[in-house]
>>> print(open('run09.cif').read())   # mmCIF, C-alpha atoms and all ligand atoms
data_entry
loop_
_atom_site.label_atom_id
_atom_site.label_comp_id
_atom_site.auth_asym_id
_atom_site.auth_seq_id
_atom_site.Cartn_x
_atom_site.Cartn_y
_atom_site.Cartn_z
CA MET A 1 -28.44 16.57 12.40
CA ALA A 2 -29.80 13.19 11.34
CA PHE A 3 -30.95 14.68 8.05
CA PHE A 4 -27.59 16.35 7.58
CA LEU A 5 -25.76 13.05 7.93
CA ASN A 6 -28.24 11.23 5.71
CA SER A 7 -28.07 13.67 2.87
CA LYS A 8 -24.28 13.59 2.94
CA HIS A 9 -24.42 9.85 2.98
CA ILE A 10 -26.68 9.81 -0.07
CA VAL A 11 -24.42 12.21 -1.92
CA LEU A 12 -21.51 9.92 -1.11
CA GLN A 13 -23.31 6.84 -2.36
CA CYS A 14 -24.31 8.56 -5.63
CA MET A 15 -20.81 9.77 -6.19
CA LEU A 16 -19.46 6.27 -5.72
CA LEU A 17 -22.05 4.81 -8.07
CA VAL A 18 -21.13 7.28 -10.79
CA LEU A 19 -17.45 6.62 -10.24
CA SER A 20 -17.78 2.86 -10.34
CA ILE A 21 -19.80 2.99 -13.57
CA ALA A 22 -17.23 5.31 -15.08
CA CYS A 23 -14.42 2.99 -14.15
CA SER A 24 -15.79 -0.45 -14.82
CA CYS A 25 -14.85 -0.34 -18.50
CA LEU A 26 -11.30 0.65 -17.70
CA HIS A 27 -10.63 -2.49 -15.71
CA ALA A 28 -12.91 -5.01 -17.38
CA SER A 29 -10.23 -6.37 -19.69
CA GLU A 30 -9.50 -10.07 -19.34
CA HIS A 31 -6.54 -10.88 -17.14
CA PRO A 32 -3.96 -13.21 -18.55
CA LEU A 33 -2.82 -13.93 -15.00
CA THR A 34 -2.63 -17.54 -13.78
CA LEU A 35 -1.31 -19.31 -10.69
CA ASP A 36 0.99 -21.64 -12.66
CA TYR A 37 2.36 -19.08 -15.11
CA TYR A 38 6.04 -19.98 -14.46
CA LYS A 39 5.45 -23.68 -13.86
CA SER A 40 7.55 -24.84 -16.80
CA THR A 41 9.70 -21.74 -17.41
CA CYS A 42 10.82 -21.03 -13.84
CA PRO A 43 9.54 -23.63 -11.39
CA THR A 44 11.68 -22.32 -8.50
CA VAL A 45 10.51 -18.71 -8.69
CA LEU A 46 8.41 -18.88 -5.51
CA GLU A 47 11.20 -20.55 -3.51
CA ILE A 48 13.76 -18.00 -4.60
CA VAL A 49 11.60 -15.01 -3.76
CA ARG A 50 10.69 -16.53 -0.40
CA LYS A 51 14.33 -17.21 0.52
CA GLU A 52 15.42 -13.67 -0.28
CA MET A 53 12.45 -12.19 1.55
CA GLU A 54 13.20 -14.36 4.59
CA CYS A 55 16.73 -12.96 4.73
CA ALA A 56 15.52 -9.41 4.24
CA VAL A 57 12.79 -9.56 6.89
CA LEU A 58 14.99 -11.43 9.34
CA SER A 59 17.65 -8.74 9.07
CA ASP A 60 15.04 -6.00 9.58
CA PRO A 61 11.26 -6.47 9.88
CA ARG A 62 10.76 -2.96 8.44
CA ASN A 63 11.76 -4.47 5.10
CA ALA A 64 8.39 -6.24 5.00
CA ALA A 65 6.64 -2.87 5.16
CA LEU A 66 8.91 -1.33 2.53
CA ILE A 67 8.13 -4.05 -0.01
CA LEU A 68 4.40 -4.06 0.70
CA ARG A 69 4.21 -0.32 0.14
CA LEU A 70 6.29 -0.51 -3.05
CA HIS A 71 3.77 -2.96 -4.50
CA PHE A 72 0.88 -0.65 -3.61
CA HIS A 73 2.56 2.37 -5.18
CA ASP A 74 3.38 0.30 -8.26
CA CYS A 75 -0.20 -0.85 -8.80
CA PHE A 76 -1.86 2.56 -8.29
CA VAL A 77 0.22 4.14 -11.04
CA GLN A 78 -0.60 2.70 -14.49
CA GLY A 79 -1.30 -0.76 -13.02
CA CYS A 80 1.05 -3.36 -11.50
CA ASP A 81 3.76 -3.06 -14.12
CA GLY A 82 6.99 -2.46 -12.19
CA SER A 83 6.89 1.22 -13.18
CA VAL A 84 7.77 2.31 -9.64
CA LEU A 85 11.09 0.44 -9.88
CA LEU A 86 12.44 2.44 -12.83
CA ASP A 87 15.31 4.85 -12.22
CA ASP A 88 15.50 8.24 -13.90
CA THR A 89 17.44 8.30 -17.18
CA ILE A 90 17.95 10.94 -19.87
CA THR A 91 14.86 9.73 -21.70
CA LEU A 92 12.71 8.52 -18.82
CA GLN A 93 11.34 10.33 -15.79
CA GLY A 94 10.78 7.71 -13.10
CA GLU A 95 8.25 7.80 -10.27
CA LYS A 96 10.76 7.65 -7.44
CA LYS A 97 11.30 11.39 -7.27
CA ALA A 98 7.65 12.36 -7.49
CA PRO A 99 6.78 14.29 -4.30
CA GLU A 100 4.61 11.48 -2.89
CA ASN A 101 7.43 8.94 -3.29
CA LEU A 102 10.56 10.99 -2.59
CA HIS A 103 12.23 9.88 0.67
CA ALA A 104 9.19 7.65 1.19
CA LEU A 105 10.01 4.54 -0.84
CA LYS A 106 12.77 2.12 -0.03
CA GLY A 107 13.50 -1.55 -0.51
CA PHE A 108 14.61 -1.33 -4.15
CA ARG A 109 17.82 -3.19 -3.41
CA ILE A 110 15.87 -6.15 -2.09
CA ILE A 111 14.06 -6.38 -5.42
CA ASP A 112 17.41 -6.05 -7.27
CA ARG A 113 18.76 -8.96 -5.27
CA ILE A 114 15.78 -11.18 -6.06
CA LYS A 115 15.96 -10.20 -9.73
CA ASN A 116 19.67 -11.06 -9.91
CA ARG A 117 19.08 -14.50 -8.51
CA LEU A 118 16.19 -15.10 -10.88
CA GLU A 119 18.20 -13.92 -13.88
CA SER A 120 20.83 -16.57 -13.18
CA GLU A 121 18.22 -19.25 -12.51
CA CYS A 122 15.81 -18.48 -15.37
CA PRO A 123 17.01 -15.57 -17.51
CA LYS A 124 14.57 -13.08 -19.07
CA THR A 125 11.59 -14.93 -17.68
CA VAL A 126 10.13 -13.43 -14.51
CA SER A 127 8.82 -9.86 -14.71
CA CYS A 128 9.74 -7.31 -12.06
CA ALA A 129 6.04 -6.63 -11.53
CA ASP A 130 5.50 -10.29 -10.65
CA ILE A 131 8.54 -10.32 -8.38
CA LEU A 132 7.13 -7.36 -6.46
CA THR A 133 3.71 -9.00 -6.17
CA ILE A 134 5.12 -12.28 -4.82
CA ALA A 135 7.53 -10.43 -2.53
CA ALA A 136 4.67 -8.37 -1.05
CA ARG A 137 2.72 -11.55 -0.27
CA ASP A 138 5.80 -13.09 1.37
CA ALA A 139 6.45 -9.89 3.30
CA VAL A 140 3.00 -10.04 4.87
CA LEU A 141 3.29 -13.75 5.60
CA LEU A 142 6.74 -13.42 7.20
CA VAL A 143 5.56 -10.89 9.79
CA GLY A 144 2.56 -12.95 10.84
CA GLY A 145 -0.05 -12.10 8.21
CA PRO A 146 -2.15 -14.35 5.97
CA TYR A 147 -1.04 -16.42 2.98
CA TRP A 148 -2.78 -16.17 -0.38
CA ASP A 149 -2.04 -17.56 -3.85
CA VAL A 150 -0.60 -14.97 -6.21
CA PRO A 151 -1.83 -14.91 -9.84
CA LEU A 152 1.16 -14.31 -12.14
CA GLY A 153 1.98 -13.24 -15.68
CA ARG A 154 2.35 -9.47 -15.43
CA LYS A 155 4.60 -7.63 -17.86
CA ASP A 156 6.90 -4.72 -17.07
CA SER A 157 6.18 -1.30 -18.48
CA LYS A 158 8.54 0.59 -20.75
CA ASN A 159 7.52 3.88 -19.22
CA ALA A 160 6.69 5.43 -15.87
CA GLY A 161 3.92 7.74 -14.69
CA TYR A 162 5.41 10.67 -12.77
CA GLU A 163 2.25 12.78 -13.02
CA LEU A 164 -0.09 9.89 -12.22
CA THR A 165 1.84 9.39 -9.00
CA GLU A 166 0.58 12.72 -7.73
CA ARG A 167 -2.92 12.22 -9.02
CA ASN A 168 -3.53 8.60 -7.99
CA LEU A 169 -1.78 8.00 -4.70
CA PRO A 170 -3.69 8.77 -1.52
CA LYS A 171 -2.03 11.28 0.80
CA ALA A 172 -1.81 11.43 4.56
CA ASN A 173 -4.04 14.47 4.81
CA ASP A 174 -6.58 13.47 2.19
CA GLY A 175 -10.14 13.36 3.49
CA LEU A 176 -12.19 10.20 3.46
CA LEU A 177 -14.04 11.04 0.23
CA SER A 178 -10.85 11.75 -1.63
CA ILE A 179 -9.32 8.46 -0.53
CA ILE A 180 -12.45 6.50 -1.37
CA SER A 181 -12.58 8.01 -4.84
CA LYS A 182 -8.93 7.15 -5.47
CA PHE A 183 -9.64 3.50 -4.65
CA ILE A 184 -12.89 3.41 -6.66
CA SER A 185 -11.14 4.79 -9.71
CA GLN A 186 -8.73 1.84 -9.52
CA GLY A 187 -11.65 -0.58 -9.53
CA LEU A 188 -11.38 -1.24 -5.79
CA SER A 189 -14.23 -0.94 -3.28
CA ILE A 190 -14.64 0.79 0.08
CA THR A 191 -14.21 -2.62 1.69
CA ASP A 192 -10.94 -3.14 -0.19
CA MET A 193 -9.80 0.29 0.94
CA VAL A 194 -10.49 -0.36 4.62
CA ALA A 195 -8.91 -3.83 4.51
CA LEU A 196 -5.82 -2.72 2.59
CA SER A 197 -5.32 0.21 4.97
CA GLY A 198 -4.71 -2.54 7.53
CA SER A 199 -1.22 -2.66 5.98
CA HIS A 200 -0.45 0.18 8.36
CA THR A 201 -0.32 -2.45 11.10
CA ILE A 202 3.36 -2.59 10.11
CA GLY A 203 5.85 0.06 9.09
CA MET A 204 6.72 3.62 9.90
CA ALA A 205 5.56 7.09 8.96
CA ARG A 206 7.64 10.23 8.82
CA CYS A 207 6.74 13.13 11.03
CA VAL A 208 5.99 15.29 7.97
CA ASN A 209 2.99 13.00 7.42
CA PHE A 210 1.53 13.13 10.93
CA ARG A 211 2.57 16.47 12.41
CA GLU A 212 -0.72 18.20 11.58
CA ARG A 213 -2.59 15.31 13.13
CA ILE A 214 -0.72 15.24 16.46
CA TYR A 215 -0.76 19.03 16.83
CA GLY A 216 -4.35 19.03 15.56
CA ASP A 217 -7.29 16.78 16.36
CA PHE A 218 -5.44 13.90 18.03
CA PRO A 219 -6.60 14.84 21.55
CA ALA A 220 -10.18 15.17 20.28
CA THR A 221 -10.36 11.78 18.56
CA SER A 222 -8.55 9.92 21.33
CA GLY A 223 -10.41 11.49 24.26
CA MET A 224 -8.54 12.86 27.19
CA ASN A 225 -7.55 9.55 28.73
CA PRO A 226 -4.08 9.50 30.31
CA VAL A 227 -2.81 6.54 28.27
CA SER A 228 -3.55 8.25 24.95
CA LEU A 229 -2.15 11.55 26.16
CA ASN A 230 0.99 9.77 27.25
CA TYR A 231 1.33 8.27 23.76
CA LEU A 232 0.71 11.72 22.30
CA SER A 233 3.52 13.26 24.30
CA THR A 234 5.89 10.50 23.10
CA LEU A 235 4.88 11.35 19.54
CA LYS A 236 5.53 15.04 20.12
CA SER A 237 9.01 14.26 21.42
CA VAL A 238 9.79 12.49 18.12
CA CYS A 239 7.99 15.06 16.03
CA SER A 240 8.60 18.66 17.04
CA ALA A 241 6.20 21.34 15.83
CA ASP A 242 8.84 22.80 13.51
CA ARG A 243 10.07 21.25 10.27
CA LYS A 244 13.39 20.06 11.72
CA SER A 245 11.79 16.75 12.60
CA ASP A 246 10.25 16.11 9.15
CA GLN A 247 12.21 12.91 8.53
CA ASN A 248 11.90 11.48 12.06
CA VAL A 249 9.77 8.35 12.08
CA SER A 250 7.24 6.61 14.28
CA ALA A 251 5.48 3.24 13.96
CA MET A 252 1.91 3.49 12.70
CA ASP A 253 0.94 0.63 15.01
CA HIS A 254 2.66 1.54 18.26
CA VAL A 255 1.33 -1.57 20.04
CA THR A 256 2.73 -4.33 17.76
CA PRO A 257 4.81 -2.43 15.17
CA ASN A 258 6.45 -5.48 13.59
CA LEU A 259 3.51 -7.85 13.63
CA PHE A 260 0.89 -8.14 10.91
CA ASP A 261 -2.26 -8.36 13.04
CA ASN A 262 -5.48 -6.37 13.52
CA SER A 263 -4.00 -4.04 16.10
CA TYR A 264 -4.20 -1.13 13.62
CA TYR A 265 -8.01 -1.26 13.79
CA ARG A 266 -8.04 -1.44 17.58
CA ILE A 267 -5.87 1.68 17.63
CA LEU A 268 -8.42 3.45 15.43
CA LEU A 269 -11.21 2.51 17.90
CA ARG A 270 -9.21 4.31 20.57
CA GLY A 271 -8.82 7.34 18.32
CA GLU A 272 -5.04 6.96 18.28
CA GLY A 273 -4.53 6.56 14.54
CA LEU A 274 -1.24 8.21 13.60
CA ILE A 275 -2.13 9.37 10.11
CA ASN A 276 -5.15 11.57 9.51
CA SER A 277 -6.44 9.39 6.66
CA ASP A 278 -6.37 6.34 8.94
CA GLN A 279 -8.31 7.94 11.78
CA GLU A 280 -10.86 9.31 9.29
CA LEU A 281 -11.94 5.74 8.50
CA TYR A 282 -13.38 5.65 11.98
CA SER A 283 -13.90 9.23 13.12
CA SER A 284 -15.05 11.18 10.07
CA VAL A 285 -18.72 12.26 10.09
CA LEU A 286 -18.91 10.51 6.73
CA ALA A 287 -17.46 7.28 8.09
CA VAL A 288 -20.66 5.22 8.09
CA GLN A 289 -19.66 2.11 6.18
CA THR A 290 -15.94 2.40 6.92
CA LYS A 291 -16.58 2.69 10.66
CA LYS A 292 -18.52 -0.59 10.67
CA LEU A 293 -15.69 -2.30 8.82
CA VAL A 294 -13.08 -0.94 11.24
CA GLU A 295 -15.15 -2.32 14.13
CA LYS A 296 -15.50 -5.67 12.39
CA TYR A 297 -11.78 -6.10 11.70
CA ALA A 298 -10.85 -4.83 15.17
CA GLY A 299 -12.91 -7.65 16.65
CA ASN A 300 -12.16 -10.42 14.16
CA THR A 301 -8.67 -11.15 12.89
CA ILE A 302 -9.85 -13.94 10.60
CA ALA A 303 -12.38 -11.68 8.88
CA PHE A 304 -9.61 -9.10 8.40
CA PHE A 305 -7.13 -11.65 7.04
CA GLU A 306 -9.67 -13.11 4.61
CA GLN A 307 -10.67 -9.72 3.26
CA PHE A 308 -7.08 -8.51 3.15
CA SER A 309 -6.01 -11.53 1.07
CA GLU A 310 -8.86 -11.06 -1.38
CA SER A 311 -8.22 -7.33 -1.64
CA MET A 312 -4.49 -7.88 -2.21
CA VAL A 313 -5.32 -10.13 -5.16
CA LYS A 314 -7.57 -7.37 -6.49
CA LEU A 315 -4.81 -4.81 -5.97
CA GLY A 316 -2.41 -7.08 -7.85
CA ASN A 317 -4.95 -7.45 -10.66
CA ILE A 318 -4.96 -3.77 -11.55
CA THR A 319 -3.76 -3.52 -15.11
CA ASN A 320 -3.17 -1.00 -17.74
CA PRO A 321 -4.22 -2.81 -20.92
CA GLU A 322 -1.39 -0.99 -22.69
CA THR A 323 1.22 -2.82 -20.68
CA TYR A 324 0.05 -6.16 -21.98
CA VAL A 325 0.55 -5.06 -25.55
CA ASN A 326 3.80 -3.20 -25.07
CA GLY A 327 5.19 -4.76 -21.93
CA GLU A 328 8.38 -6.74 -21.55
CA VAL A 329 10.31 -8.76 -18.99
CA ARG A 330 13.02 -6.41 -17.80
CA LYS A 331 16.53 -7.78 -17.27
CA ASP A 332 17.24 -5.08 -14.69
CA CYS A 333 14.24 -3.84 -12.75
CA ARG A 334 15.64 -0.30 -12.75
CA PHE A 335 15.88 0.05 -16.53
CA VAL A 336 13.83 -0.67 -19.62
CA ASN A 337 15.59 -3.24 -21.86
CA THR A 338 17.71 -1.75 -24.62
C1 LIG B 1 -5.75 4.37 2.23
C2 LIG B 1 -4.90 5.27 1.81
C3 LIG B 1 -3.46 5.30 2.21
C4 LIG B 1 -2.79 6.41 2.62
C5 LIG B 1 -3.33 7.83 2.69
C6 LIG B 1 -1.45 5.99 2.94
C7 LIG B 1 -0.46 6.83 3.38
C8 LIG B 1 0.72 6.43 3.92
C9 LIG B 1 1.69 7.30 4.50
C10 LIG B 1 1.57 8.80 4.58
C11 LIG B 1 2.70 6.52 4.96
C12 LIG B 1 3.97 7.01 5.64
C13 LIG B 1 5.03 7.22 4.61
C14 LIG B 1 6.19 8.02 5.12
O1 LIG B 1 5.98 8.86 6.00
O2 LIG B 1 7.32 7.83 4.63
C15 LIG B 1 2.38 5.18 4.65
C16 LIG B 1 3.17 4.10 4.96
C17 LIG B 1 2.88 2.81 4.58
N1 LIG B 1 1.83 2.40 3.80
FE1 LIG B 1 0.22 3.49 3.32
N2 LIG B 1 -1.35 4.64 2.76
C18 LIG B 1 -2.54 4.18 2.30
C19 LIG B 1 -2.83 2.88 1.93
C20 LIG B 1 -1.90 1.86 1.92
C21 LIG B 1 -2.09 0.58 1.29
C22 LIG B 1 -3.32 0.20 0.47
C23 LIG B 1 -0.96 -0.15 1.52
C24 LIG B 1 -0.60 -1.55 1.09
C25 LIG B 1 -1.39 -2.36 0.45
C26 LIG B 1 -0.10 0.67 2.33
C27 LIG B 1 1.11 0.27 2.85
C28 LIG B 1 1.93 1.06 3.63
C29 LIG B 1 3.07 0.54 4.36
C30 LIG B 1 3.48 -0.91 4.48
C31 LIG B 1 3.68 1.66 4.96
C32 LIG B 1 4.95 1.67 5.82
C33 LIG B 1 6.15 1.92 4.94
C34 LIG B 1 7.43 2.09 5.71
O3 LIG B 1 7.63 1.49 6.78
O4 LIG B 1 8.31 2.82 5.20
N3 LIG B 1 -0.68 1.89 2.52
N4 LIG B 1 1.18 5.12 4.00
C1 LIG B 2 -7.72 -11.60 -10.26
O1 LIG B 2 -7.29 -12.11 -11.48
C2 LIG B 2 -7.33 -13.54 -11.55
C3 LIG B 2 -6.63 -13.99 -12.81
O2 LIG B 2 -6.85 -13.17 -13.89
C4 LIG B 2 -8.78 -13.97 -11.50
O3 LIG B 2 -8.88 -15.38 -11.59
C5 LIG B 2 -9.35 -13.52 -10.17
O4 LIG B 2 -10.74 -13.81 -10.11
C6 LIG B 2 -9.14 -12.04 -9.93
N1 LIG B 2 -9.43 -11.83 -8.54
C7 LIG B 2 -10.06 -10.77 -8.05
C8 LIG B 2 -10.34 -10.77 -6.60
O5 LIG B 2 -10.39 -9.83 -8.76
C1 LIG B 3 13.93 13.20 16.32
O1 LIG B 3 13.75 12.04 17.12
C2 LIG B 3 14.65 11.89 18.21
C3 LIG B 3 14.30 10.61 18.95
O2 LIG B 3 13.89 9.60 18.12
C4 LIG B 3 14.55 13.06 19.14
O3 LIG B 3 15.52 12.95 20.17
C5 LIG B 3 14.77 14.34 18.37
O4 LIG B 3 14.55 15.43 19.23
C6 LIG B 3 13.78 14.40 17.20
N1 LIG B 3 14.04 15.62 16.46
C7 LIG B 3 13.18 16.63 16.42
C8 LIG B 3 13.63 17.86 15.69
O5 LIG B 3 12.08 16.57 16.92
#
>>> encode(input="run09.cif", output="C-alpha cells")
Amino acid sequence: MAFFLNSKHIVLQCMLLVLSIACSCLHASEHPLTLDYYKSTCPTVLEIVRKEMECAVLSDPRNAALILRLHFHDCFVQGCDGSVLLDDTITLQGEKKAPENLHALKGFRIIDRIKNRLESECPKTVSCADILTIAARDAVLLVGGPYWDVPLGRKDSKNAGYELTERNLPKANDGLLSIISKFISQGLSITDMVALSGSHTIGMARCVNFRERIYGDFPATSGMNPVSLNYLSTLKSVCSADRKSDQNVSAMDHVTPNLFDNSYYRILLRGEGLINSDQELYSSVLAVQTKKLVEKYAGNTIAFFEQFSESMVKLGNITNPETYVNGEVRKDCRFVNT
C-alpha cells in the first residue's frame, strides 16, 4: 500500500513538472500592471468601486460571492480580460451560456452599476477587467476577509472564449488531478489552488453540483457521527435524489456562510465538504500536499489570509498576451466598443 501511494505520488509530481515547464512560457510575458495605474486619469476609482460594493454586499452578502466567482471565471478563460462579462450578439458568442456558466453566474448588474458611475466620473478610462478585479478584492474584504493591493492596467478583450470555458474551468466532480492540472496550466501552483478554493467559505452551490456527493461518499468521508449525519439529512431535504431540485441551493460553508474565514477548511477536516472537488483536497488518496495545506489553513487564519491574498494577485495577473495588443477599454462591459 505504501508503495502504491508513493508511485502515484511520483507520477503526480512528474506530471506537474512537465505541465509547469510547458506552461511557463505562456505566462512569462511582462505585466504592464501597476498599483497607481489610474492615479492621474481616475484618482477616485477605488473609492467608487468600494462604495458600490458596500451597497451591494450590505443589501445581500451573497453578492460578495457572486463577484468573486465572476472574477475567477473571467481570469481562467483567456486571462483577466472581462471576457466573461460580454453578452451574446449576432457576431459574438459570449461565455455566459457555456454549460459551466449557465445559471451559475450572477452579479453582472453590479458591475454595470460600477461601470456607469465610472463612465460619468472618468469616461473611457477604467477597463471592465480592472473593475472586476478591484470589486472581487472589495467583496472579500467586506465579508471579513483580507485586504491586498490590486495591480491595475488590464485591457478588455474584443472576443470571448466559449469553448475555453468548458476546457479550463474546474468542475464540481473533477478529480484532484484534473483540478490541479487546470490550475497549473494557468501558471498557478497547488498551494494557490488550495488557498483560492478557500473562496468557498462564502457563497452557495446548486444541488446539481453536489447531489452525487451527498447521495455518494458523504457518509464515508464524514464518518458516522450524528452531527454530520444530521447535516446530511438537511442537505437531502434541500436536494432530492431526482432532478427536480437541480436549482435548489445550499451554502458551501454551512457554519459561517456569509463570513470570509477559514471555516471551509475546518469543514473539510470533518469530511463535510459539500462539493466533491473540495472534499478531495483532503480525502483523496492522492491528497498528500493538499491535505497538509488544508490542515494548515484550518488551524491558522493568518496563514490562510496571507496565502489567499498572494494567490489572488497571481490569479489577477493571468494574461493573454493577445489582449494587451488588441485590448480596449469598453464603454459598456457587456459589449465590445463599436
Ligand atoms: C478548485 C476548483 C473549483 C471548483 C471545482 C469550483 C466549483 C464551484 C461550484 C460547482 C460552485 C457552485 C456553483 C453553482 O452551483 O451554481 C462554486 C461556487 C463558487 N465558487 Fe468555486 N470552484 C473552484 C474554485 C474557485 C475559486 C478559485 C474561486 C475564487 C477565487 C471560487 C469562487 C466561488 C464562489 C465565490 C462561489 C459561490 C458563488 C455563488 O454564491 O453563487 N471557486 N464553485
Ligand atoms: C503580479 O503582477 C505584478 C505587476 O505586474 C507584479 O509586480 C507582481 O509581482 C505579480 N505578483 C504575483 C504574485 O505574481
Ligand atoms: C427545494 O428546497 C426547499 C427548501 O429550501 C424544499 O422544501 C424543497 O423540497 C426542495 N425541492 C426539492 C425538489 O428537493
>>> residues_near_ligand(input="run09.cif", ligand="ligand LIG 2 (chain B)", cutoff="6 Å", atoms="only C-alpha atoms and all ligand atoms", output="PyMOL selection string")
chain A and resi 31-34+151+310+313-314+317
>>> residues_around(input="run09.cif", residues="segment 259-263 of chain A", least_positions_apart="2", cutoff="8 Å", atoms="all atoms listed in the file", output="JSON, numbers by chain")
{"A": [140, 143, 144, 145, 198, 199, 201, 202, 253, 255, 256, 257, 265, 266, 267, 297, 298, 300, 301, 304]}
>>> write_last_selection(input="run09.cif", atoms="C-alpha atoms", output="compact mmCIF listing (two decimals), keeping the file's coordinate frame")
# COMPACT_ATOMS: atom_id res chain seq x y z
CA VAL A 140 3.00 -10.04 4.87
CA VAL A 143 5.56 -10.89 9.79
CA GLY A 144 2.56 -12.95 10.84
CA GLY A 145 -0.05 -12.10 8.21
CA GLY A 198 -4.71 -2.54 7.53
CA SER A 199 -1.22 -2.66 5.98
CA THR A 201 -0.32 -2.45 11.10
CA ILE A 202 3.36 -2.59 10.11
CA ASP A 253 0.94 0.63 15.01
CA VAL A 255 1.33 -1.57 20.04
CA THR A 256 2.73 -4.33 17.76
CA PRO A 257 4.81 -2.43 15.17
CA TYR A 265 -8.01 -1.26 13.79
CA ARG A 266 -8.04 -1.44 17.58
CA ILE A 267 -5.87 1.68 17.63
CA TYR A 297 -11.78 -6.10 11.70
CA ALA A 298 -10.85 -4.83 15.17
CA ASN A 300 -12.16 -10.42 14.16
CA THR A 301 -8.67 -11.15 12.89
CA PHE A 304 -9.61 -9.10 8.40
>>> residues_around(input="run09.cif", residues="Asn326 of chain A", least_positions_apart="4", cutoff="9 Å", atoms="only C-alpha atoms", output="PyMOL selection string")
chain A and resi 155-158+322
>>> residues_near_point(input="run09.cif", point="(-8.1, 8.4, 15.4)", cutoff="12 Å", atoms="all atoms listed in the file", output="ChimeraX atom specification")
/A:210,213-214,216-223,228,232,252-253,264-284,287,291,294
>>> atom_distance(input="run09.cif", atom1="atom CA of Met53 of chain A", atom2="atom CA of Thr338 of chain A")
28.7 Å
>>> closest_residue(input="run09.cif", among="A:Asp242, A:Asp60, A:Asp88, A:Glu295", to="ligand LIG 1 (chain B)", atoms="only C-alpha atoms and all ligand atoms")
A:Asp60
>>> atom_distance(input="run09.cif", atom1="atom CA of Asp332 of chain A", atom2="atom CA of Gly94 of chain A")
14.4 Å
>>> residues_near_ligand(input="run09.cif", ligand="ligand LIG 3 (chain B)", cutoff="12 Å", atoms="only C-alpha atoms and all ligand atoms", output="mmCIF file with C-alpha atoms, in the coordinates of the input")
data_model
loop_
_atom_site.group_PDB
_atom_site.id
_atom_site.type_symbol
_atom_site.label_atom_id
_atom_site.label_comp_id
_atom_site.auth_asym_id
_atom_site.auth_seq_id
_atom_site.Cartn_x
_atom_site.Cartn_y
_atom_site.Cartn_z
ATOM 1 C CA ARG A 206 7.640 10.230 8.820
ATOM 2 C CA CYS A 207 6.740 13.130 11.030
ATOM 3 C CA VAL A 208 5.990 15.290 7.970
ATOM 4 C CA ARG A 211 2.570 16.470 12.410
ATOM 5 C CA SER A 233 3.520 13.260 24.300
ATOM 6 C CA THR A 234 5.890 10.500 23.100
ATOM 7 C CA LEU A 235 4.880 11.350 19.540
ATOM 8 C CA LYS A 236 5.530 15.040 20.120
ATOM 9 C CA SER A 237 9.010 14.260 21.420
ATOM 10 C CA VAL A 238 9.790 12.490 18.120
ATOM 11 C CA CYS A 239 7.990 15.060 16.030
ATOM 12 C CA SER A 240 8.600 18.660 17.040
ATOM 13 C CA ALA A 241 6.200 21.340 15.830
ATOM 14 C CA ASP A 242 8.840 22.800 13.510
ATOM 15 C CA ARG A 243 10.070 21.250 10.270
ATOM 16 C CA LYS A 244 13.390 20.060 11.720
ATOM 17 C CA SER A 245 11.790 16.750 12.600
ATOM 18 C CA ASP A 246 10.250 16.110 9.150
ATOM 19 C CA GLN A 247 12.210 12.910 8.530
ATOM 20 C CA ASN A 248 11.900 11.480 12.060
ATOM 21 C CA VAL A 249 9.770 8.350 12.080
ATOM 22 C CA SER A 250 7.240 6.610 14.280
ATOM 23 C CA ALA A 251 5.480 3.240 13.960
#
>>> residues_near_ligand(input="run09.cif", ligand="ligand LIG 1 (chain B)", cutoff="6 Å", atoms="all atoms listed in the file", output="VMD selection string")
chain A and resid 62 65 to 66 68 to 69 72 104 170 to 172 179 193 196 to 197 199 to 200 202 to 206 209 277
>>> closest_residue(input="run09.cif", among="A:Val84, A:Val49, A:Ile110, A:Ala195", to="Asn63 of chain A", atoms="all atoms listed in the file")
A:Ile110
>>> closest_residue(input="run09.cif", among="A:Ala56, A:Glu121, A:Leu286, A:Pro146", to="Ser178 of chain A", atoms="only C-alpha atoms")
A:Leu286
>>> atom_distance(input="run09.cif", atom1="atom CA of Val77 of chain A", atom2="atom CA of Leu169 of chain A")
7.7 Å
>>> closest_residue(input="run09.cif", among="A:Glu100, A:Phe305, A:Arg113, A:Lys124", to="Asn173 of chain A", atoms="all atoms listed in the file")
A:Glu100
>>> closest_residue(input="run09.cif", among="A:Phe308, A:Phe76, A:Tyr324, A:Phe335", to="Thr165 of chain A", atoms="only C-alpha atoms")
A:Phe76
>>> residues_around(input="run09.cif", residues="Thr125 of chain A", least_positions_apart="4", cutoff="12 Å", atoms="only C-alpha atoms", output="list in words")
Tyr37, Tyr38, Lys39, Ser40, Thr41, Cys42, Pro43, Thr44, Val45, Lys115, Asn116, Arg117, Leu118, Glu119, Ser120, Glu121, Ala129, Asp130, Ile131, Leu152, Gly153, Arg154, Lys155, Asp156, Glu328, Val329, Arg330, Lys331 and Asp332 of chain A
>>> closest_residue(input="run09.cif", among="A:Ala135, A:Pro99, A:His73, A:Cys80", to="Glu47 of chain A", atoms="only C-alpha atoms")
A:Ala135
>>> decode(input="run09.cif", residues="segment 242-261 of chain A", atoms="C-alpha atoms", output="tab-separated table (two decimals), in the first residue's frame")
chain	number	residue	atom	x	y	z
A	242	ASP	CA	-34.32	13.39	-8.54
A	243	ARG	CA	-33.55	16.29	-10.86
A	244	LYS	CA	-36.45	18.44	-9.65
A	245	SER	CA	-34.17	20.01	-7.07
A	246	ASP	CA	-31.34	20.87	-9.51
A	247	GLN	CA	-31.55	24.61	-8.91
A	248	ASN	CA	-32.06	24.46	-5.13
A	249	VAL	CA	-29.08	25.90	-3.29
A	250	SER	CA	-27.10	25.32	-0.13
A	251	ALA	CA	-24.21	27.23	1.46
A	252	MET	CA	-20.82	25.65	0.88
A	253	ASP	CA	-19.78	26.71	4.39
A	254	HIS	CA	-22.80	25.80	6.49
A	255	VAL	CA	-21.16	27.05	9.71
A	256	THR	CA	-20.45	30.70	8.75
A	257	PRO	CA	-21.95	31.06	5.25
A	258	ASN	CA	-21.59	34.83	4.98
A	259	LEU	CA	-18.22	35.25	6.64
A	260	PHE	CA	-14.87	35.04	4.88
A	261	ASP	CA	-12.92	32.95	7.39
